[in-house]
>>> print(open('final-v4.txt').read())   # compact mmCIF, C-alpha atoms
# COMPACT_ATOMS: atom_id res chain seq x y z
CA VAL A 597 -7.71 4.84 -7.16
CA GLU A 598 -7.42 1.55 -9.05
CA PHE A 599 -9.77 -1.27 -8.18
CA SER A 600 -10.12 -4.91 -9.19
CA LYS A 601 -11.73 -8.11 -7.99
CA LEU A 602 -9.81 -11.37 -8.04
CA GLU A 603 -11.27 -14.65 -9.26
CA ASN A 604 -11.67 -15.84 -5.67
CA GLY A 605 -13.76 -12.78 -4.76
CA MET A 606 -11.14 -10.72 -2.92
CA LYS A 607 -11.25 -6.98 -3.66
CA VAL A 608 -7.95 -5.21 -4.37
CA ALA A 609 -7.57 -1.43 -4.32
CA SER A 610 -4.54 0.81 -4.59
CA ILE A 611 -3.33 4.38 -4.90
CA ASP A 612 0.17 4.98 -6.23
CA LYS A 613 1.53 8.35 -5.11
CA GLN A 614 5.02 7.25 -6.24
CA GLY A 615 6.25 7.23 -2.66
CA LEU A 616 9.16 5.00 -1.61
CA THR A 617 7.30 3.43 1.32
CA ALA A 618 4.41 1.07 0.62
CA ARG A 619 1.60 0.74 3.12
CA LEU A 620 -0.41 -2.44 2.88
CA GLY A 621 -3.59 -3.33 4.70
CA LEU A 622 -5.58 -6.56 4.55
CA PHE A 623 -9.09 -5.88 5.83
CA VAL A 624 -11.41 -8.73 6.82
CA HIS A 625 -15.12 -8.03 7.32
CA THR A 626 -15.51 -9.57 10.74
CA GLY A 627 -15.06 -8.50 14.32
CA SER A 628 -16.60 -8.51 17.77
CA ARG A 629 -20.15 -7.89 16.46
CA PHE A 630 -20.08 -11.38 14.92
CA GLU A 631 -19.16 -13.11 18.18
CA ASN A 632 -21.53 -15.05 20.42
CA SER A 633 -21.63 -16.24 24.02
CA ALA A 634 -19.57 -19.30 23.12
CA ASN A 635 -16.61 -17.40 21.66
CA PHE A 636 -16.68 -13.92 23.20
CA GLY A 637 -13.30 -12.26 22.59
CA VAL A 638 -12.32 -14.50 19.68
CA ALA A 639 -11.84 -11.58 17.26
CA HIS A 640 -9.28 -10.05 19.63
CA MET A 641 -7.54 -13.42 20.04
CA THR A 642 -7.46 -13.86 16.26
CA ALA A 643 -5.78 -10.47 15.91
CA LEU A 644 -3.23 -11.34 18.61
CA MET A 645 -2.27 -14.42 16.58
CA GLY A 646 -1.45 -12.22 13.60
CA PHE A 647 2.13 -12.54 12.31
CA THR A 648 2.87 -15.70 14.30
CA SER A 649 3.44 -19.23 12.91
CA THR A 650 1.90 -20.15 9.56
CA ALA A 651 2.02 -23.25 7.36
CA HIS A 652 5.13 -21.89 5.61
CA LEU A 653 6.88 -19.84 8.30
CA SER A 654 7.52 -20.33 12.02
CA HIS A 655 6.90 -17.40 14.38
CA LEU A 656 10.65 -16.77 14.54
CA ARG A 657 11.02 -16.82 10.76
CA THR A 658 8.05 -14.47 10.40
CA VAL A 659 9.59 -12.00 12.86
CA LYS A 660 13.03 -12.29 11.24
CA THR A 661 11.57 -11.76 7.76
CA LEU A 662 9.76 -8.62 8.86
CA GLU A 663 12.94 -7.39 10.56
CA GLN A 664 14.98 -7.87 7.40
CA LEU A 665 12.34 -6.01 5.37
CA GLY A 666 12.20 -3.18 7.90
CA GLY A 667 8.57 -3.88 8.70
CA ASP A 668 8.89 -5.33 12.21
CA GLN A 669 8.04 -2.00 13.89
CA THR A 670 5.11 -1.19 11.59
CA SER A 671 3.41 -4.58 11.24
CA PHE A 672 0.42 -5.25 13.45
CA CYS A 673 -3.02 -6.77 13.47
CA LYS A 674 -5.99 -5.14 15.17
CA ALA A 675 -9.56 -6.26 15.74
CA GLY A 676 -12.45 -3.82 15.72
CA ARG A 677 -16.20 -4.19 15.87
CA GLU A 678 -16.62 -4.81 12.15
CA GLU A 679 -13.14 -5.48 10.83
CA ILE A 680 -9.85 -7.18 11.55
CA VAL A 681 -6.92 -5.41 9.88
CA TYR A 682 -3.45 -6.79 9.10
CA GLN A 683 -1.10 -3.91 8.32
CA VAL A 684 2.53 -3.70 7.15
CA GLU A 685 4.72 -0.81 6.03
CA VAL A 686 7.84 -1.59 3.95
CA GLN A 687 9.83 -0.24 1.02
CA ARG A 688 7.81 -0.73 -2.15
CA GLU A 689 10.23 -3.19 -3.75
CA TYR A 690 9.46 -5.71 -0.98
CA LEU A 691 5.83 -6.06 -2.04
CA PRO A 692 6.32 -9.60 -3.52
CA LEU A 693 7.60 -10.82 -0.13
CA VAL A 694 5.09 -9.11 2.16
CA VAL A 695 1.81 -9.93 0.41
CA PRO A 696 2.26 -13.75 0.68
CA LEU A 697 3.20 -13.32 4.33
CA MET A 698 0.02 -11.35 5.04
CA VAL A 699 -2.24 -13.75 3.13
CA GLY A 700 -0.63 -16.74 4.87
CA ASN A 701 -1.50 -15.23 8.24
CA THR A 702 -5.17 -15.01 7.34
CA LEU A 703 -5.56 -18.32 5.53
CA PHE A 704 -3.33 -20.76 7.36
CA PRO A 705 -2.01 -19.68 10.77
CA ARG A 706 -0.83 -22.76 12.64
CA LEU A 707 -2.38 -21.63 15.94
CA LEU A 708 0.02 -23.65 18.05
CA PRO A 709 -1.37 -24.27 21.58
CA TRP A 710 1.57 -22.63 23.36
CA GLU A 711 1.36 -19.57 21.11
CA VAL A 712 -2.33 -19.17 21.89
CA LYS A 713 -1.72 -19.62 25.61
CA SER A 714 1.13 -17.10 25.59
CA GLN A 715 -1.27 -14.33 24.51
CA SER A 716 -2.96 -14.19 27.93
CA LYS A 717 -0.53 -11.45 28.99
CA ALA A 718 -1.36 -9.44 25.86
CA VAL A 719 -5.07 -9.67 26.74
CA LYS A 720 -4.39 -8.38 30.26
CA ASP A 721 -2.19 -5.59 28.90
CA ALA A 722 -4.87 -4.50 26.42
CA ARG A 723 -7.51 -4.42 29.14
CA ALA A 724 -5.17 -2.48 31.47
CA ALA A 725 -4.43 0.04 28.70
CA LEU A 726 -8.16 0.53 28.14
CA GLU A 727 -8.82 1.14 31.82
CA ALA A 728 -5.89 3.58 31.99
CA SER A 729 -7.30 5.67 29.13
CA PRO A 730 -10.46 7.60 30.06
CA ASP A 731 -11.09 8.50 26.39
CA ASP A 732 -11.05 4.87 25.27
CA MET A 733 -13.03 3.69 28.28
CA VAL A 734 -15.78 6.23 27.68
CA SER A 735 -16.02 5.12 24.04
CA GLU A 736 -16.26 1.49 25.18
CA LEU A 737 -19.02 2.28 27.70
CA LEU A 738 -20.85 4.45 25.16
CA HIS A 739 -21.09 1.57 22.70
CA LYS A 740 -22.11 -0.80 25.49
CA ALA A 741 -24.97 1.50 26.50
CA ALA A 742 -26.05 2.44 22.98
CA PHE A 743 -26.22 -1.14 21.69
CA CYS A 744 -26.84 -3.06 24.91
CA ASN A 745 -25.99 -6.76 24.59
CA ASN A 746 -25.98 -6.77 20.80
CA THR A 747 -23.66 -6.32 17.79
CA LEU A 748 -21.83 -2.99 18.11
CA GLY A 749 -22.20 -3.07 21.90
CA LEU A 750 -19.95 -6.13 22.19
CA SER A 751 -16.41 -5.25 23.25
CA PRO A 752 -13.60 -5.78 20.71
CA LEU A 753 -11.34 -6.81 23.60
CA ALA A 754 -11.16 -10.28 25.11
CA SER A 755 -11.41 -10.59 28.88
CA ASP A 756 -9.43 -12.57 31.45
CA ARG A 757 -12.50 -14.70 32.13
CA SER A 758 -12.62 -15.98 28.56
CA MET A 759 -8.95 -16.98 28.37
CA PRO A 760 -9.29 -20.51 29.87
CA TYR A 761 -11.77 -21.39 27.13
CA PHE A 762 -9.56 -20.21 24.30
CA LYS A 763 -8.06 -23.04 22.39
CA PRO A 764 -6.78 -23.22 18.78
CA GLU A 765 -10.08 -24.83 17.73
CA THR A 766 -12.06 -21.76 18.84
CA ILE A 767 -9.97 -19.45 16.68
CA ARG A 768 -9.83 -21.93 13.79
CA ASN A 769 -13.64 -22.21 13.72
CA PHE A 770 -13.90 -18.41 13.71
CA LEU A 771 -11.54 -18.24 10.72
CA LEU A 772 -13.53 -20.89 8.86
CA ASP A 773 -16.76 -18.99 9.48
CA HIS A 774 -15.59 -15.52 8.49
CA PHE A 775 -12.27 -15.45 6.58
CA ALA A 776 -13.46 -16.20 3.05
CA PRO A 777 -11.71 -14.11 0.34
CA GLU A 778 -15.08 -12.58 -0.58
CA ARG A 779 -14.99 -10.82 2.80
CA MET A 780 -11.48 -9.44 2.31
CA VAL A 781 -10.13 -6.18 0.88
CA LEU A 782 -6.41 -5.77 0.16
CA VAL A 783 -5.36 -2.13 0.03
CA GLY A 784 -2.03 -0.68 -0.99
CA VAL A 785 -0.70 2.89 -1.01
CA ASN A 786 2.41 3.61 -3.08
CA VAL A 787 2.21 0.31 -4.96
CA ALA A 788 1.62 -0.62 -8.59
CA HIS A 789 -1.88 -2.07 -8.86
CA SER A 790 -0.90 -4.79 -11.33
CA GLU A 791 1.85 -5.99 -8.98
CA LEU A 792 -0.45 -5.96 -5.94
CA SER A 793 -3.13 -7.97 -7.75
CA LYS A 794 -0.61 -10.41 -9.20
CA TRP A 795 1.01 -11.25 -5.87
CA ALA A 796 -2.32 -11.42 -4.07
CA MET A 797 -3.53 -14.03 -6.56
CA ARG A 798 -0.25 -15.95 -6.42
CA SER A 799 -0.40 -16.00 -2.63
CA PHE A 800 -3.76 -17.78 -2.70
CA ALA A 801 -2.31 -20.45 -4.98
CA ASP A 802 -0.27 -21.75 -2.03
CA TYR A 803 -3.34 -22.30 0.15
CA ASN A 804 -6.87 -23.60 -0.11
CA ALA A 805 -9.07 -20.51 0.22
CA ILE A 806 -11.68 -20.71 2.96
CA PRO A 807 -15.08 -21.24 1.33
CA MET A 808 -17.76 -18.58 1.74
CA LYS A 809 -20.27 -19.47 4.46
CA LYS A 810 -23.60 -17.86 5.02
CA ARG A 811 -23.59 -16.20 8.42
CA GLU A 812 -26.20 -14.65 10.63
CA GLU A 813 -25.82 -10.88 10.37
CA ALA A 814 -27.98 -9.37 13.08
CA LYS A 815 -28.82 -5.71 12.51
CA ALA A 816 -27.43 -3.29 15.04
CA LEU A 817 -30.20 -2.51 17.52
CA TYR A 818 -29.90 0.88 19.18
CA THR A 819 -31.21 0.56 22.73
CA GLY A 820 -29.86 3.65 24.45
CA GLY A 821 -29.02 3.60 28.12
CA ASP A 822 -26.54 4.66 30.73
CA GLN A 823 -23.15 3.29 31.78
CA ARG A 824 -20.83 4.65 34.46
CA ILE A 825 -17.84 3.41 36.44
CA GLU A 826 -15.46 4.76 39.07
CA GLY A 827 -12.13 5.85 37.61
CA SER A 828 -8.74 7.03 38.82
CA SER A 829 -8.93 10.39 37.03
CA PRO A 830 -9.66 13.46 39.19
CA TYR A 831 -12.05 14.62 36.45
CA CYS A 832 -15.35 13.30 35.17
CA HIS A 833 -15.19 12.03 31.57
CA LEU A 834 -18.65 12.02 30.03
CA ALA A 835 -20.12 11.31 26.60
CA LEU A 836 -23.60 12.09 25.40
CA GLY A 837 -24.40 10.06 22.29
CA PHE A 838 -27.26 9.44 19.86
CA GLU A 839 -27.82 7.02 17.01
CA SER A 840 -26.31 8.34 13.80
CA VAL A 841 -26.16 7.35 10.14
CA PRO A 842 -24.24 4.36 8.71
CA TRP A 843 -21.61 4.38 5.96
CA GLY A 844 -22.79 5.21 2.46
CA GLN A 845 -25.94 7.13 3.46
CA LYS A 846 -26.65 10.49 1.86
CA GLU A 847 -27.17 12.02 5.33
CA LEU A 848 -23.50 11.38 6.17
CA ALA A 849 -22.39 14.74 4.73
CA PRO A 850 -24.91 16.83 6.74
CA VAL A 851 -23.99 14.90 9.90
CA ALA A 852 -20.28 15.51 9.27
CA LEU A 853 -21.08 19.22 8.98
CA LEU A 854 -23.02 19.10 12.24
CA GLN A 855 -19.94 17.66 13.92
CA THR A 856 -17.81 20.46 12.47
CA ILE A 857 -20.29 23.14 13.58
CA LEU A 858 -20.24 21.78 17.13
CA GLY A 859 -16.46 21.48 16.95
CA GLY A 860 -14.74 21.45 20.30
CA GLY A 861 -12.79 23.52 22.76
CA SER A 862 -10.37 23.38 25.64
CA ALA A 863 -9.94 25.56 28.72
CA VAL A 864 -6.18 24.94 28.53
CA TYR A 865 -5.24 25.19 24.85
CA SER A 866 -6.44 28.18 22.85
CA GLY A 867 -4.03 28.35 19.93
CA ILE A 868 -4.73 28.51 16.21
CA GLY A 869 -6.93 25.64 15.09
CA SER A 870 -8.30 24.92 18.56
CA GLY A 871 -11.88 25.66 17.53
CA LEU A 872 -12.25 28.97 19.39
CA THR A 873 -15.35 29.96 17.43
CA SER A 874 -17.10 26.56 17.39
CA ARG A 875 -20.40 26.20 19.23
CA LEU A 876 -19.03 23.94 21.93
CA SER A 877 -16.19 26.37 22.56
CA THR A 878 -18.35 29.50 22.73
CA GLN A 879 -21.48 28.02 24.34
CA VAL A 880 -20.04 25.40 26.69
CA VAL A 881 -16.31 25.80 27.45
CA LYS A 882 -16.22 29.61 27.63
CA GLN A 883 -19.54 29.83 29.46
CA SER A 884 -18.75 27.08 31.98
CA PRO A 885 -15.50 27.50 33.96
CA TYR A 886 -15.80 23.96 35.34
CA VAL A 887 -15.49 22.39 31.85
CA GLU A 888 -11.95 21.38 30.93
CA SER A 889 -12.68 20.39 27.33
CA CYS A 890 -15.32 18.96 25.04
CA ALA A 891 -15.49 17.82 21.42
CA ALA A 892 -18.07 16.45 18.99
CA PHE A 893 -17.68 13.01 17.44
CA ASN A 894 -19.36 10.91 14.78
CA THR A 895 -18.63 7.22 14.21
CA SER A 896 -20.24 5.33 11.33
CA TYR A 897 -20.62 1.57 10.90
CA SER A 898 -22.21 -0.56 8.19
CA ASP A 899 -25.74 -0.27 9.55
CA SER A 900 -25.67 2.35 12.31
CA GLY A 901 -23.52 4.98 13.95
CA LEU A 902 -23.00 7.20 16.99
CA PHE A 903 -23.03 11.00 17.09
CA GLY A 904 -22.46 13.08 20.17
CA VAL A 905 -20.16 15.08 22.41
CA TYR A 906 -17.37 13.97 24.74
CA GLY A 907 -16.55 16.28 27.63
CA VAL A 908 -14.29 16.54 30.67
CA CYS A 909 -15.21 18.50 33.79
CA LYS A 910 -15.08 18.57 37.59
CA PRO A 911 -17.04 15.58 38.95
CA GLU A 912 -19.54 17.63 40.93
CA LYS A 913 -20.47 19.57 37.78
CA ALA A 914 -21.13 16.57 35.50
CA GLY A 915 -24.89 17.19 35.47
CA ASP A 916 -24.44 20.85 34.59
CA MET A 917 -22.06 20.00 31.74
CA ALA A 918 -24.48 17.41 30.36
CA LYS A 919 -27.28 20.01 30.36
CA ALA A 920 -25.06 22.60 28.65
CA ILE A 921 -24.04 20.07 25.98
CA ALA A 922 -27.64 18.97 25.42
CA LYS A 923 -28.76 22.58 25.06
CA THR A 924 -26.03 23.28 22.49
CA MET A 925 -26.92 20.15 20.52
CA ALA A 926 -30.62 21.10 20.53
CA GLY A 927 -29.66 24.38 18.83
CA LEU A 928 -28.26 22.54 15.79
CA THR A 929 -31.66 22.74 14.08
CA ASN A 930 -30.91 26.42 13.46
CA VAL A 931 -27.77 26.97 11.33
CA SER A 932 -27.07 30.18 9.45
CA LYS A 933 -25.82 30.35 5.88
CA GLU A 934 -22.53 31.91 7.01
CA GLU A 935 -21.94 29.28 9.70
CA LEU A 936 -22.62 26.49 7.23
CA ALA A 937 -20.22 27.97 4.66
CA LYS A 938 -17.50 28.19 7.30
CA ALA A 939 -18.13 24.58 8.41
CA LYS A 940 -17.90 23.39 4.80
CA ALA A 941 -14.52 25.07 4.33
CA MET A 942 -13.20 23.65 7.63
CA LEU A 943 -14.44 20.11 6.92
CA LYS A 944 -13.01 20.04 3.39
CA GLY A 945 -9.67 21.35 4.64
CA LYS A 946 -9.52 18.65 7.29
CA MET A 947 -10.39 15.94 4.76
CA PHE A 948 -7.72 16.99 2.26
CA ARG A 949 -5.10 17.15 5.02
CA GLN A 950 -5.97 13.62 6.10
CA ALA A 951 -5.72 12.41 2.50
CA ASP A 952 -2.05 13.46 2.53
CA ASN A 953 -1.41 10.93 5.30
CA ASP A 954 -0.77 7.56 3.62
CA THR A 955 -1.82 5.53 6.67
CA GLU A 956 -5.14 7.36 7.03
CA LEU A 957 -5.71 7.14 3.29
CA MET A 958 -5.20 3.38 3.37
CA ALA A 959 -7.53 2.97 6.37
CA ASP A 960 -10.23 5.10 4.74
CA LEU A 961 -10.03 3.22 1.44
CA GLY A 962 -10.20 -0.18 3.14
CA GLN A 963 -13.02 0.75 5.50
CA GLN A 964 -15.20 2.25 2.79
CA LEU A 965 -14.84 -0.77 0.50
CA LEU A 966 -15.38 -3.18 3.37
CA LEU A 967 -18.47 -1.56 4.85
CA SER A 968 -20.23 -0.06 1.84
CA GLY A 969 -18.71 -1.91 -1.12
CA ARG A 970 -17.67 1.29 -2.88
CA TYR A 971 -15.16 4.11 -2.52
CA GLY A 972 -15.81 7.81 -2.60
CA SER A 973 -12.70 9.95 -2.94
CA VAL A 974 -12.08 13.10 -0.92
CA SER A 975 -12.91 15.16 -4.01
CA ASP A 976 -16.21 13.29 -4.43
CA PHE A 977 -17.18 13.91 -0.80
CA ALA A 978 -16.07 17.54 -1.02
CA SER A 979 -18.43 18.01 -3.98
CA ILE A 980 -21.28 16.47 -1.96
CA ILE A 981 -20.51 18.79 0.95
CA ASP A 982 -20.63 21.83 -1.33
CA HIS A 983 -24.22 21.01 -2.27
CA VAL A 984 -25.53 20.48 1.28
CA THR A 985 -28.17 23.05 2.21
CA GLU A 986 -29.20 24.59 5.54
CA SER A 987 -32.48 22.67 5.45
CA GLU A 988 -30.63 19.33 4.99
CA VAL A 989 -28.41 20.09 7.99
CA ALA A 990 -31.45 21.04 10.07
CA ALA A 991 -33.25 17.84 8.99
CA ALA A 992 -30.23 15.72 9.97
CA ALA A 993 -30.11 17.42 13.38
CA LYS A 994 -33.81 16.76 13.99
CA LYS A 995 -33.43 13.12 12.99
CA ILE A 996 -30.59 12.62 15.45
>>> encode(input="final-v4.txt", output="structure tokens")
Amino acid sequence: VEFSKLENGMKVASIDKQGLTARLGLFVHTGSRFENSANFGVAHMTALMGFTSTAHLSHLRTVKTLEQLGGDQTSFCKAGREEIVYQVEVQREYLPLVVPLMVGNTLFPRLLPWEVKSQSKAVKDARAALEASPDDMVSELLHKAAFCNNTLGLSPLASDRSMPYFKPETIRNFLLDHFAPERMVLVGVNVAHSELSKWAMRSFADYNAIPMKKREEAKALYTGGDQRIEGSSPYCHLALGFESVPWGQKELAPVALLQTILGGGSAVYSGIGSGLTSRLSTQVVKQSPYVESCAAFNTSYSDSGLFGVYGVCKPEKAGDMAKAIAKTMAGLTNVSKEELAKAKAMLKGKMFRQADNDTELMADLGQQLLLSGRYGSVSDFASIIDHVTESEVAAAAKKI
């Protein structure tokens, strides 16, 4: 991994695996957690305005340029709780054309009134897609309950109710408050670092960089709670979550091992790699015929996180599944040496497989630099995992 910091404060990182396809991601450290009652949904609207009209290119020219470079199907912008990501995938020789296009979208989108207004359908479609996906809806409700009315509990999706209040000025003010180069990380996979840095710096020469503003950064406040809604699925989708560790903490490795030990299981699929010997498989799925599937999860943010289990069962058995999951999680304070060794091997294998995926590698690199300011390679984390002891895993379980 090569890393540099431009004169304007932007961080640039790259990994060149000599592949023919370059994957570029421009990460901005902002998102729904930085919204307020006056601009709820603005991060989502900002993302929807990605790759539209800029000071140098009309929307049509932007689309045509991406089509000619072969990046029209792989370019997108997505808003999360702590980041907005502009991503493009093109052949590596097109780097000098794509980087200015990406930077122009973050620094000087024109935000034409009719383009903003036309995104109302995209907002409705995103909300409909969320409601049609039980997995995504449970995650949304879990965050809403865990961090009630604050930071990470704020939805990264705009709502229909907020659309009439969205005008170019709302988005422009959001950009001016949060889109300083010091809050950006440009990541490239299969690119030459010198070329990436050079074109990033040249791109800023065409625009006046947004000055860094001090912003109120409220700490994520874990409240806990309960959220439930009626859904169209014939099954109950349930998540049991607890506050976990943020990025960059030494307890992250033991928590990742706890997730691996819990694993997951399905009553339908039982092939190789389906976690047949994990605790959730042996103690919940196999012991409870009403459970369709369940799996452990751990999500880390800059100052907090969520650890828990997501399960699917028959609606009338939701309480029984929750008790079975809670009982299995309570047993995490007792982990044998053999079980820990197996979890270490499984976790390291999964990590190295993910590192082979250029898109996941780019996302991991960008997220680490954005949220913790440093990057730990897969090999570094594997070394940390090797040195985790049974007592450290037990301590992490008790803390959660």
>>> closest_residue(input="final-v4.txt", among="A:Leu726, A:Ile921, A:Val719, A:Ala776", to="Gln879 (chain A)", atoms="all atoms listed in the file")
A:Ile921
>>> atom_distance(input="final-v4.txt", atom1="CA of Ala852 (chain A)", atom2="CA of His983 (chain A)")
13.4 Å
>>> residues_around(input="final-v4.txt", residues="Leu738 (chain A)", least_positions_apart="4", cutoff="12 Å", atoms="all atoms listed in the file", output="PyMOL selection string")
chain A and resi 730-734+742-744+748-751+818-825+833-839+893+895+901-906
>>> atom_distance(input="final-v4.txt", atom1="CA of Gly621 (chain A)", atom2="CA of Lys674 (chain A)")
10.9 Å
>>> residues_near_point(input="final-v4.txt", point="(-11.0, -5.0, 24.0)", cutoff="7 Å", atoms="only C-alpha atoms", output="ChimeraX atom specification")
/A:640,722-723,751-754
>>> closest_residue(input="final-v4.txt", among="A:Leu961, A:Val638, A:Met917, A:Ala725", to="Ala609 (chain A)", atoms="only C-alpha atoms")
A:Leu961
>>> closest_atom_pairs(input="final-v4.txt", of="region 840-874 of chain A", to="region 967-972 of chain A", cutoff="12 Å", atoms="all atoms listed in the file", output="JSON lines")
{"residue": "A:Pro842", "atom": "CA", "partner": "A:Ser968", "partner_atom": "CA", "distance": 9.1}
{"residue": "A:Trp843", "atom": "CA", "partner": "A:Ser968", "partner_atom": "CA", "distance": 6.2}
{"residue": "A:Gly844", "atom": "CA", "partner": "A:Ser968", "partner_atom": "CA", "distance": 5.9}
{"residue": "A:Gln845", "atom": "CA", "partner": "A:Ser968", "partner_atom": "CA", "distance": 9.3}
>>> write_last_selection(input="final-v4.txt", atoms="C-alpha atoms", output="compact mmCIF listing (two decimals), in the frame of the given file")
# COMPACT_ATOMS: atom_id res chain seq x y z
CA PRO A 842 -24.24 4.36 8.71
CA TRP A 843 -21.61 4.38 5.96
CA GLY A 844 -22.79 5.21 2.46
CA GLN A 845 -25.94 7.13 3.46
>>> residues_around(input="final-v4.txt", residues="Tyr803 (chain A)", least_positions_apart="4", cutoff="8 Å", atoms="all atoms listed in the file", output="list in words")
Gly700, Leu703, Phe704 and Ser799 of chain A
>>> closest_residue(input="final-v4.txt", among="A:Glu679, A:Glu986, A:Asp756, A:Asp802", to="Ala939 (chain A)", atoms="all atoms listed in the file")
A:Glu986
>>> closest_residue(input="final-v4.txt", among="A:Thr648, A:Ser628, A:Thr747, A:Ser735", to="Asp899 (chain A)", atoms="all atoms listed in the file")
A:Thr747
>>> closest_residue(input="final-v4.txt", among="A:Pro696, A:Pro850, A:Gly605, A:Gly784", to="Asp954 (chain A)", atoms="only C-alpha atoms")
A:Gly784
>>> closest_residue(input="final-v4.txt", among="A:Lys713, A:Arg688, A:Arg779, A:Lys995", to="Arg619 (chain A)", atoms="all atoms listed in the file")
A:Arg688
>>> atom_distance(input="final-v4.txt", atom1="CA of Ile806 (chain A)", atom2="CA of Arg657 (chain A)")
24.3 Å
>>> residues_around(input="final-v4.txt", residues="Leu620 (chain A)", least_positions_apart="5", cutoff="9 Å", atoms="all atoms listed in the file", output="MDAnalysis selection string")
chainID A and resid 682:686 691 694:695 782:787 955 958
>>> residues_around(input="final-v4.txt", residues="region 924-937 of chain A", least_positions_apart="6", cutoff="9 Å", atoms="all atoms listed in the file", output="ChimeraX atom specification")
/A:853-854,857-858,875-876,879-880,904-905,982,984-987,989-994
>>> residues_near_point(input="final-v4.txt", point="(-15.3, -22.6, 23.0)", cutoff="7 Å", atoms="all atoms listed in the file", output="PyMOL selection string")
chain A and resi 634-635+761-762+766
>>> residues_around(input="final-v4.txt", residues="region 859-861 of chain A", least_positions_apart="3", cutoff="9 Å", atoms="only C-alpha atoms", output="list in words")
Leu854, Gln855, Thr856, Val864, Tyr865, Ser866, Ser870, Gly871, Leu872, Thr873, Ser874, Arg875, Leu876, Ser877, Thr878, Val880, Val881, Lys882, Glu888, Ser889, Cys890, Ala891, Ala892, Phe893 and Val905 of chain A
